[in-house]
Every structure is written in C-alpha cells, then in structure tokens.
$ cat my_file_33.txt   # compact mmCIF, C-alpha atoms
# COMPACT_ATOMS: atom_id res chain seq x y z
CA MET Z 10 -37.38 84.88 125.82
CA ASN Z 11 -37.90 88.36 127.27
CA LYS Z 12 -38.33 89.27 130.94
CA LYS Z 13 -42.12 89.43 130.63
CA ASN Z 14 -42.32 85.85 129.36
CA ILE Z 15 -39.88 84.62 131.98
CA ARG Z 16 -41.96 86.28 134.71
CA PHE Z 17 -45.17 84.75 133.30
CA ALA Z 18 -43.64 81.25 133.16
CA PHE Z 19 -42.20 81.57 136.68
CA PHE Z 20 -45.48 82.59 138.28
CA GLN Z 21 -47.45 80.04 136.22
CA ILE Z 22 -45.29 77.20 137.51
CA LEU Z 23 -45.05 78.59 141.05
CA SER Z 24 -48.82 79.00 141.35
CA LEU Z 25 -49.45 75.47 140.07
CA ILE Z 26 -46.93 73.93 142.47
CA LEU Z 27 -48.46 75.83 145.40
CA LEU Z 28 -52.01 74.92 144.36
CA ALA Z 29 -51.02 71.26 144.07
CA LEU Z 30 -49.46 71.43 147.55
CA GLY Z 31 -52.70 72.87 148.93
CA VAL Z 32 -54.84 70.24 147.23
CA ALA Z 33 -52.59 67.41 148.44
CA GLY Z 34 -52.60 68.76 151.99
CA VAL Z 35 -56.39 69.02 152.11
CA ILE Z 36 -56.79 65.48 150.76
CA ILE Z 37 -54.21 63.95 153.10
CA SER Z 38 -55.86 65.62 156.09
CA GLY Z 39 -59.08 63.69 155.41
CA LEU Z 40 -61.35 66.43 156.73
CA GLY Z 41 -63.09 67.13 153.42
CA ALA Z 42 -61.95 68.24 149.96
CA GLY Z 43 -63.25 70.39 147.12
CA ALA Z 44 -65.52 69.01 144.41
CA VAL Z 45 -62.94 68.03 141.76
CA ASP Z 46 -60.45 66.74 144.32
CA ALA Z 47 -63.11 64.64 146.06
CA LEU Z 48 -64.15 63.16 142.71
CA ALA Z 49 -60.55 62.36 141.78
CA TYR Z 50 -60.00 60.77 145.20
CA PHE Z 51 -63.08 58.53 145.03
CA LEU Z 52 -62.27 57.49 141.47
CA MET Z 53 -58.88 56.42 142.79
CA ARG Z 54 -60.46 54.55 145.71
CA SER Z 55 -63.03 52.81 143.53
CA THR Z 56 -60.65 51.68 140.77
CA LYS Z 57 -57.32 51.33 142.63
CA LEU Z 58 -55.72 51.89 139.23
CA LEU Z 59 -54.49 55.48 139.17
CA ASP Z 60 -53.41 58.15 141.65
CA VAL Z 61 -55.39 61.29 142.52
CA GLY Z 62 -53.23 63.44 140.24
CA ASN Z 63 -53.83 61.13 137.28
CA TRP Z 64 -57.59 61.22 137.81
CA THR Z 65 -57.39 65.02 138.08
CA ILE Z 66 -55.75 65.02 134.64
CA ILE Z 67 -58.42 62.71 133.17
CA ILE Z 68 -61.29 64.80 134.57
CA ASN Z 69 -59.85 68.03 133.22
CA VAL Z 70 -58.93 66.56 129.82
CA SER Z 71 -62.56 65.44 129.52
CA LEU Z 72 -63.65 69.03 130.16
CA VAL Z 73 -61.21 70.30 127.51
CA LEU Z 74 -62.64 67.88 124.94
CA PHE Z 75 -66.17 69.02 125.79
CA LEU Z 76 -65.18 72.69 125.45
CA LEU Z 77 -63.44 72.00 122.12
CA ILE Z 78 -66.54 70.31 120.73
CA THR Z 79 -68.98 72.93 121.98
CA THR Z 80 -66.99 76.15 121.54
CA ARG Z 81 -64.46 75.13 118.85
CA LYS Z 82 -61.94 77.43 120.51
CA LEU Z 83 -58.44 76.00 120.19
CA ALA Z 84 -57.23 78.34 122.94
CA VAL Z 85 -58.55 75.91 125.58
CA LEU Z 86 -55.80 73.50 124.54
CA PHE Z 87 -53.29 75.71 126.36
CA SER Z 88 -54.95 74.70 129.61
CA LEU Z 89 -53.87 71.09 128.99
CA LEU Z 90 -50.30 72.03 129.94
CA VAL Z 91 -51.64 73.40 133.21
CA VAL Z 92 -53.51 70.13 133.84
CA PHE Z 93 -50.52 67.85 133.32
CA VAL Z 94 -48.21 69.94 135.51
CA MET Z 95 -50.89 70.20 138.19
CA GLY Z 96 -51.69 66.48 138.14
CA GLU Z 97 -48.08 65.37 138.42
CA ALA Z 98 -47.41 67.94 141.15
CA ILE Z 99 -50.39 66.64 143.16
CA ASN Z 100 -48.99 63.10 142.95
CA ILE Z 101 -45.55 64.26 144.07
CA TRP Z 102 -46.93 66.18 147.06
CA ILE Z 103 -49.27 63.35 148.10
CA ASN Z 104 -46.42 60.83 147.89
CA SER Z 105 -44.33 63.14 150.06
CA PHE Z 106 -47.09 63.45 152.67
CA GLU Z 107 -47.58 59.67 152.64
CA LYS Z 108 -43.88 59.12 153.41
CA ILE Z 109 -43.79 61.83 156.10
CA PHE Z 110 -46.90 60.60 157.92
CA ASN Z 111 -46.61 56.90 156.99
CA LEU Z 112 -49.94 56.74 155.16
CA VAL Z 113 -51.36 54.83 152.19
CA LEU Z 114 -54.02 57.05 150.63
CA LYS Z 115 -55.28 54.36 148.23
CA ASP Z 116 -56.31 52.36 151.31
CA GLY Z 117 -58.24 55.32 152.67
CA GLN Z 118 -55.59 56.27 155.22
CA THR Z 119 -55.58 59.97 156.05
CA LEU Z 120 -54.47 61.96 159.07
CA PHE Z 121 -58.05 62.07 160.34
CA SER Z 122 -58.72 58.36 159.81
CA THR Z 123 -55.51 57.48 161.68
CA ASP Z 124 -56.56 59.52 164.76
CA ARG Z 125 -54.31 62.54 164.19
CA LEU Z 126 -57.06 65.16 164.32
CA LEU Z 127 -54.94 68.11 165.51
CA ILE Z 128 -52.32 67.58 162.80
CA ALA Z 129 -55.13 67.11 160.26
CA ILE Z 130 -56.71 70.44 161.21
CA ILE Z 131 -53.37 72.27 161.05
CA ILE Z 132 -52.46 70.76 157.66
CA ALA Z 133 -55.95 71.46 156.26
CA LEU Z 134 -55.96 75.10 157.38
CA LEU Z 135 -52.42 75.75 156.13
CA SER Z 136 -53.33 74.07 152.84
CA LEU Z 137 -56.38 76.31 152.47
CA VAL Z 138 -54.16 79.38 152.87
CA VAL Z 139 -51.65 78.00 150.35
CA MET Z 140 -54.46 77.37 147.85
CA ALA Z 141 -55.74 80.93 148.30
CA ILE Z 142 -52.25 82.37 147.77
CA SER Z 143 -51.73 80.28 144.62
CA VAL Z 144 -55.04 81.39 143.07
CA ALA Z 145 -54.33 85.02 144.04
CA ILE Z 146 -51.02 84.76 142.17
CA MET Z 147 -52.85 83.33 139.14
CA ILE Z 148 -55.32 86.23 139.20
CA LYS Z 149 -52.68 88.92 139.60
CA GLU Z 150 -50.34 87.51 136.98
CA LYS Z 151 -53.17 86.51 134.60
CA THR Z 152 -51.83 82.99 134.15
CA VAL Z 153 -53.51 80.24 132.09
CA LYS Z 154 -56.75 78.98 133.66
CA SER Z 155 -57.47 75.32 134.36
CA PRO Z 156 -60.10 73.51 132.23
CA TYR Z 157 -62.39 73.42 135.27
CA ASP Z 158 -62.24 77.22 135.54
CA GLU Z 159 -62.71 77.55 131.78
CA PHE Z 160 -65.77 75.32 132.01
CA ALA Z 161 -67.18 77.45 134.84
CA ILE Z 162 -66.79 80.53 132.63
CA PHE Z 163 -68.44 78.70 129.72
CA LEU Z 164 -71.38 77.73 131.93
CA ALA Z 165 -71.59 81.26 133.34
CA ASP Z 166 -71.94 82.64 129.81
CA LYS Z 167 -74.92 80.34 129.28
CA LEU Z 168 -76.56 81.23 132.59
CA ASN Z 169 -75.47 84.87 132.75
CA ASN Z 170 -74.47 84.26 136.37
CA TYR Z 171 -70.96 83.11 137.43
CA SER Z 172 -71.90 82.37 141.05
CA LEU Z 173 -74.81 80.16 139.98
CA ALA Z 174 -72.63 78.41 137.40
CA LYS Z 175 -69.92 77.69 139.99
CA ILE Z 176 -72.47 76.37 142.50
CA LEU Z 177 -74.05 74.09 139.88
CA LEU Z 178 -70.65 72.85 138.66
CA ASP Z 179 -69.26 72.19 142.13
CA GLY Z 180 -72.54 70.64 143.24
CA THR Z 181 -72.64 68.29 140.25
CA PHE Z 182 -69.05 67.12 140.74
CA MET Z 183 -69.61 66.66 144.47
CA LEU Z 184 -72.78 64.65 143.81
CA VAL Z 185 -70.95 62.36 141.39
CA ALA Z 186 -68.15 61.94 143.96
CA PHE Z 187 -70.74 61.10 146.63
CA LEU Z 188 -72.45 58.51 144.40
CA ILE Z 189 -69.14 56.83 143.53
CA ALA Z 190 -68.25 56.72 147.23
CA ILE Z 191 -71.51 55.11 148.40
CA LEU Z 192 -71.44 52.61 145.52
CA THR Z 193 -67.86 51.51 146.28
CA LYS Z 194 -67.51 48.72 148.83
CA GLY Z 195 -65.33 49.60 151.80
CA VAL Z 196 -65.38 53.33 151.06
CA ASN Z 197 -67.05 55.97 153.24
CA PHE Z 198 -68.08 59.24 151.58
CA THR Z 199 -66.93 61.16 154.69
CA GLU Z 200 -63.33 60.34 153.74
CA GLN Z 201 -63.32 63.44 151.50
CA ILE Z 202 -66.83 64.92 151.72
CA ASN Z 203 -66.92 66.41 155.19
CA VAL Z 204 -66.92 69.62 157.22
CA PHE Z 205 -63.85 71.06 155.51
CA SER Z 206 -65.59 70.73 152.14
CA LEU Z 207 -67.99 73.46 153.32
CA ILE Z 208 -65.09 75.55 154.66
CA ILE Z 209 -63.49 75.40 151.19
CA VAL Z 210 -66.76 76.42 149.51
CA PHE Z 211 -67.41 79.40 151.78
CA GLY Z 212 -63.89 80.28 152.95
CA LEU Z 213 -61.63 79.94 149.92
CA GLY Z 214 -63.22 82.79 147.95
CA PRO Z 215 -62.81 85.44 150.69
CA LEU Z 216 -59.24 84.27 151.32
CA ILE Z 217 -58.43 84.57 147.62
CA ASN Z 218 -59.83 88.11 147.62
CA LEU Z 219 -57.76 88.94 150.70
CA PHE Z 220 -54.47 87.81 149.18
CA THR Z 221 -55.29 89.30 145.77
CA ASN Z 222 -55.82 92.69 147.42
CA LEU Z 223 -52.67 92.29 149.50
CA PHE Z 224 -50.55 91.44 146.44
CA THR Z 225 -52.09 94.20 144.32
CA ASN Z 226 -51.90 96.93 146.95
CA GLY Z 227 -48.50 95.75 148.09
CA PHE Z 228 -47.03 96.07 144.59
CA LYS Z 229 -48.71 99.44 144.11
CA ASN Z 230 -47.20 100.76 147.35
CA LYS Z 231 -43.81 99.35 146.38
CA ASN Z 232 -43.95 101.06 142.98
CA ASN Z 233 -44.98 104.35 144.60

$ encode --input "my_file_33.txt" --output "structure tokens"
Amino acid sequence: MNKKNIRFAFFQILSLILLALGVAGVIISGLGAGAVDALAYFLMRSTKLLDVGNWTIIINVSLVLFLLITTRKLAVLFSLLVVFVMGEAINIWINSFEKIFNLVLKDGQTLFSTDRLLIAIIIALLSLVVMAISVAIMIKEKTVKSPYDEFAIFLADKLNNYSLAKILLDGTFMLVAFLIAILTKGVNFTEQINVFSLIIVFGLGPLINLFTNLFTNGFKNKNN
C-alpha cells in the first residue's frame, strides 16, 4: 500500500469517526437532529429492538439497494463499508455519552429531557462543529460518499437542481420520522425534531464551507 492509499484510508476513517461523534452528540443533546438521524432515532424508540447506529445502517443499505436497482452502478457498493463503520461508530459514541451522563437513550432520556439545558446546548454546538469539520475533510480528501449523499446526487440528476433535491430528500425523511414519532405511544416528536434541526439545516452548510476553505487555503499556504 503506497502513501496515497494510506492517506486516503486514514482520512476516510478519521472523517467517519468524527462525523459519528457529531451525530451522537447532537442526538444525545435532545435539541433536534438531522433528517436521517431523527428517523433512525424514532425507529429505535418505536421498535426498541436496535440502536440508532443499526437503524442508520439499515436506512442506508436500503438506499444502496434502490440505487443498485435503478442505476445498476456497482460503484455504490463501496459506500456500504462507509455505512457499517459509521453505524458502529455512532453506537460506540452514544454508549459513551450514555455512561458519561447516566442516560438511557432508548427510554427517551437526553440531556435536554433530563433538565441539563446548558450542557445540551454546549454539546449540540460542539457536535455541529465536529460534523462540519468531518464533512470538510471528506470533501478535501475526496473520500467515499455515504449512500444518503449518493442518493441526493442521484435525485439531483433527475431534477437538475442539487439544492432542491437535498430539500426534498431531507424533508421526506423528516416527515417519515415525524409520522413514526406521533404514531408511537409514549414518544414525543420534539425529542429529536426541534429547534436544532433547523440550525443543522441552515447552519451546517456554511460551516462546512468555512472549514473546507480553511483546510484548502491552509494547505496551499503551507505548500507555498
């Protein structure tokens, strides 16, 4: 394995671990999660069978199967490795947060629901920054995309508009998450669909751009 491949593997794994940390932190804060994460959470709450990370894997594997059937491009199979690493990493980080803060996420316990608002805000904001850094690394190093991102690109090709495709995709997943939440006894949709969900929608993109520019310009200056 040459240096280029080692570098690629290192940044692929690092970005996934950081992204999983960000996702877990946002979920454990209880202030509102992104579309896929909210869906995975409410599937966990409604079934009590699997953890968030496992549901994240199932959701993304379903997208891979759809893409395989519709596009017949075997390249999307590479994203399965990303999914399994990401899902397991999410479970590990959530379990760590549960032990640190003495929470049981399957019972709907989050930092916000247990009256630790200040800590919840701090964890959520730090997690948002970590997520932005991880995606910026993925962009700069051109790592393998997740099935969700691949599906967004597929939809964008059909609509000739990436922004519209992303809005429709996120909106659909969030709607499904909302419906599962309101149909599940003892579950409140505000557990993961809340104010911070909007902050993720409107704030994550600009943060990703910020860190991408910092990493790109920083490396350029270093090389000069």

$ residues_around --input "my_file_33.txt" --residues "segment 128-138 of chain Z" --least-positions-apart "5" --cutoff "6 Å" --atoms "only C-alpha atoms" --output "PyMOL selection string"
chain Z and resi 31+34-35+38+120-121

$ atom_distance --input "my_file_33.txt" --atom1 "atom CA of Val204 of chain Z" --atom2 "atom CA of Ala141 of chain Z"
18.2 Å

$ residues_around --input "my_file_33.txt" --residues "Thr80 of chain Z" --least-positions-apart "4" --cutoff "9 Å" --atoms "only C-alpha atoms" --output "PyMOL selection string"
chain Z and resi 75-76+163

$ atom_distance --input "my_file_33.txt" --atom1 "atom CA of Met53 of chain Z" --atom2 "atom CA of Asn69 of chain Z"
15.1 Å

$ closest_atom_pairs --input "my_file_33.txt" --of "segment 68-115 of chain Z" --to "segment 149-154 of chain Z" --cutoff "9 Å" --atoms "all atoms listed in the file" --output "Markdown table"
| residue | atom | partner | partner_atom | distance |
| --- | --- | --- | --- | --- |
| Z:Val85 | CA | Z:Lys154 | CA | 8.8 |
| Z:Phe87 | CA | Z:Val153 | CA | 7.3 |
| Z:Ser88 | CA | Z:Lys154 | CA | 6.2 |
| Z:Val91 | CA | Z:Val153 | CA | 7.2 |

$ closest_residue --input "my_file_33.txt" --among "Z:Leu30, Z:Leu126, Z:Val92, Z:Ile148" --to "Asn104 of chain Z" --atoms "all atoms listed in the file"
Z:Leu30

$ decode --input "my_file_33.txt" --residues "segment 32-47 of chain Z" --atoms "all heavy atoms" --output "PDB file, in the first residue's frame"
ATOM      1  N   VAL Z  32     -22.808  13.278  15.204  1.00  0.00           N
ATOM      2  CA  VAL Z  32     -24.188  12.769  15.162  1.00  0.00           C
ATOM      3  C   VAL Z  32     -24.637  12.322  16.547  1.00  0.00           C
ATOM      4  O   VAL Z  32     -25.734  12.653  17.008  1.00  0.00           O
ATOM      5  CB  VAL Z  32     -24.295  11.600  14.155  1.00  0.00           C
ATOM      6  CG1 VAL Z  32     -25.633  10.871  14.316  1.00  0.00           C
ATOM      7  CG2 VAL Z  32     -24.148  12.112  12.728  1.00  0.00           C
ATOM      8  N   ALA Z  33     -23.778  11.555  17.214  1.00  0.00           N
ATOM      9  CA  ALA Z  33     -24.113  11.064  18.557  1.00  0.00           C
ATOM     10  C   ALA Z  33     -24.314  12.213  19.539  1.00  0.00           C
ATOM     11  O   ALA Z  33     -25.233  12.190  20.364  1.00  0.00           O
ATOM     12  CB  ALA Z  33     -22.998  10.134  19.053  1.00  0.00           C
ATOM     13  N   GLY Z  34     -23.454  13.230  19.447  1.00  0.00           N
ATOM     14  CA  GLY Z  34     -23.575  14.374  20.341  1.00  0.00           C
ATOM     15  C   GLY Z  34     -24.862  15.142  20.137  1.00  0.00           C
ATOM     16  O   GLY Z  34     -25.527  15.551  21.107  1.00  0.00           O
ATOM     17  N   VAL Z  35     -25.242  15.339  18.879  1.00  0.00           N
ATOM     18  CA  VAL Z  35     -26.495  16.041  18.569  1.00  0.00           C
ATOM     19  C   VAL Z  35     -27.690  15.255  19.093  1.00  0.00           C
ATOM     20  O   VAL Z  35     -28.606  15.821  19.696  1.00  0.00           O
ATOM     21  CB  VAL Z  35     -26.630  16.262  17.041  1.00  0.00           C
ATOM     22  CG1 VAL Z  35     -28.051  16.686  16.677  1.00  0.00           C
ATOM     23  CG2 VAL Z  35     -25.646  17.331  16.576  1.00  0.00           C
ATOM     24  N   ILE Z  36     -27.686  13.947  18.882  1.00  0.00           N
ATOM     25  CA  ILE Z  36     -28.799  13.113  19.342  1.00  0.00           C
ATOM     26  C   ILE Z  36     -28.892  13.105  20.863  1.00  0.00           C
ATOM     27  O   ILE Z  36     -29.977  13.244  21.435  1.00  0.00           O
ATOM     28  CB  ILE Z  36     -28.653  11.670  18.808  1.00  0.00           C
ATOM     29  CG1 ILE Z  36     -28.881  11.650  17.295  1.00  0.00           C
ATOM     30  CG2 ILE Z  36     -29.638  10.733  19.495  1.00  0.00           C
ATOM     31  CD1 ILE Z  36     -28.596  10.307  16.643  1.00  0.00           C
ATOM     32  N   ILE Z  37     -27.759  12.947  21.535  1.00  0.00           N
ATOM     33  CA  ILE Z  37     -27.772  12.850  22.998  1.00  0.00           C
ATOM     34  C   ILE Z  37     -28.161  14.186  23.635  1.00  0.00           C
ATOM     35  O   ILE Z  37     -28.668  14.221  24.754  1.00  0.00           O
ATOM     36  CB  ILE Z  37     -26.397  12.371  23.530  1.00  0.00           C
ATOM     37  CG1 ILE Z  37     -26.577  11.531  24.813  1.00  0.00           C
ATOM     38  CG2 ILE Z  37     -25.453  13.521  23.813  1.00  0.00           C
ATOM     39  CD1 ILE Z  37     -27.151  10.170  24.586  1.00  0.00           C
ATOM     40  N   SER Z  38     -27.949  15.287  22.922  1.00  0.00           N
ATOM     41  CA  SER Z  38     -28.345  16.589  23.469  1.00  0.00           C
ATOM     42  C   SER Z  38     -29.858  16.710  23.543  1.00  0.00           C
ATOM     43  O   SER Z  38     -30.403  17.342  24.455  1.00  0.00           O
ATOM     44  CB  SER Z  38     -27.773  17.732  22.620  1.00  0.00           C
ATOM     45  OG  SER Z  38     -28.442  17.818  21.369  1.00  0.00           O
ATOM     46  N   GLY Z  39     -30.560  16.130  22.555  1.00  0.00           N
ATOM     47  CA  GLY Z  39     -32.026  16.153  22.571  1.00  0.00           C
ATOM     48  C   GLY Z  39     -32.629  17.463  22.127  1.00  0.00           C
ATOM     49  O   GLY Z  39     -33.813  17.715  22.386  1.00  0.00           O
ATOM     50  N   LEU Z  40     -31.851  18.277  21.425  1.00  0.00           N
ATOM     51  CA  LEU Z  40     -32.348  19.591  20.987  1.00  0.00           C
ATOM     52  C   LEU Z  40     -32.834  19.577  19.535  1.00  0.00           C
ATOM     53  O   LEU Z  40     -33.350  20.588  19.050  1.00  0.00           O
ATOM     54  CB  LEU Z  40     -31.242  20.640  21.146  1.00  0.00           C
ATOM     55  CG  LEU Z  40     -30.766  20.900  22.573  1.00  0.00           C
ATOM     56  CD1 LEU Z  40     -29.613  21.896  22.578  1.00  0.00           C
ATOM     57  CD2 LEU Z  40     -31.911  21.408  23.437  1.00  0.00           C
ATOM     58  N   GLY Z  41     -32.690  18.437  18.864  1.00  0.00           N
ATOM     59  CA  GLY Z  41     -33.109  18.345  17.472  1.00  0.00           C
ATOM     60  C   GLY Z  41     -31.988  17.809  16.611  1.00  0.00           C
ATOM     61  O   GLY Z  41     -30.861  18.289  16.697  1.00  0.00           O
ATOM     62  N   ALA Z  42     -32.293  16.806  15.786  1.00  0.00           N
ATOM     63  CA  ALA Z  42     -31.289  16.158  14.948  1.00  0.00           C
ATOM     64  C   ALA Z  42     -31.591  16.372  13.472  1.00  0.00           C
ATOM     65  O   ALA Z  42     -32.620  16.941  13.110  1.00  0.00           O
ATOM     66  CB  ALA Z  42     -31.232  14.663  15.261  1.00  0.00           C
ATOM     67  N   GLY Z  43     -30.665  15.901  12.620  1.00  0.00           N
ATOM     68  CA  GLY Z  43     -30.881  15.950  11.185  1.00  0.00           C
ATOM     69  C   GLY Z  43     -31.889  14.900  10.753  1.00  0.00           C
ATOM     70  O   GLY Z  43     -32.330  14.067  11.555  1.00  0.00           O
ATOM     71  N   ALA Z  44     -32.251  14.915   9.479  1.00  0.00           N
ATOM     72  CA  ALA Z  44     -33.336  14.070   8.975  1.00  0.00           C
ATOM     73  C   ALA Z  44     -33.081  12.575   9.168  1.00  0.00           C
ATOM     74  O   ALA Z  44     -33.899  11.866   9.757  1.00  0.00           O
ATOM     75  CB  ALA Z  44     -33.568  14.380   7.500  1.00  0.00           C
ATOM     76  N   VAL Z  45     -31.940  12.076   8.691  1.00  0.00           N
ATOM     77  CA  VAL Z  45     -31.637  10.643   8.795  1.00  0.00           C
ATOM     78  C   VAL Z  45     -31.479  10.221  10.246  1.00  0.00           C
ATOM     79  O   VAL Z  45     -31.969   9.168  10.669  1.00  0.00           O
ATOM     80  CB  VAL Z  45     -30.353  10.295   8.011  1.00  0.00           C
ATOM     81  CG1 VAL Z  45     -30.001   8.825   8.183  1.00  0.00           C
ATOM     82  CG2 VAL Z  45     -30.529  10.606   6.540  1.00  0.00           C
ATOM     83  N   ASP Z  46     -30.810  11.051  11.028  1.00  0.00           N
ATOM     84  CA  ASP Z  46     -30.563  10.727  12.438  1.00  0.00           C
ATOM     85  C   ASP Z  46     -31.860  10.720  13.236  1.00  0.00           C
ATOM     86  O   ASP Z  46     -32.049   9.882  14.119  1.00  0.00           O
ATOM     87  CB  ASP Z  46     -29.567  11.727  13.029  1.00  0.00           C
ATOM     88  CG  ASP Z  46     -28.291  11.812  12.209  1.00  0.00           C
ATOM     89  OD1 ASP Z  46     -27.845  10.757  11.727  1.00  0.00           O
ATOM     90  OD2 ASP Z  46     -27.767  12.919  12.035  1.00  0.00           O
ATOM     91  N   ALA Z  47     -32.761  11.644  12.927  1.00  0.00           N
ATOM     92  CA  ALA Z  47     -34.061  11.682  13.599  1.00  0.00           C
ATOM     93  C   ALA Z  47     -34.864  10.431  13.251  1.00  0.00           C
ATOM     94  O   ALA Z  47     -35.497   9.817  14.122  1.00  0.00           O
ATOM     95  CB  ALA Z  47     -34.829  12.938  13.192  1.00  0.00           C
TER      96      ALA Z  47
END
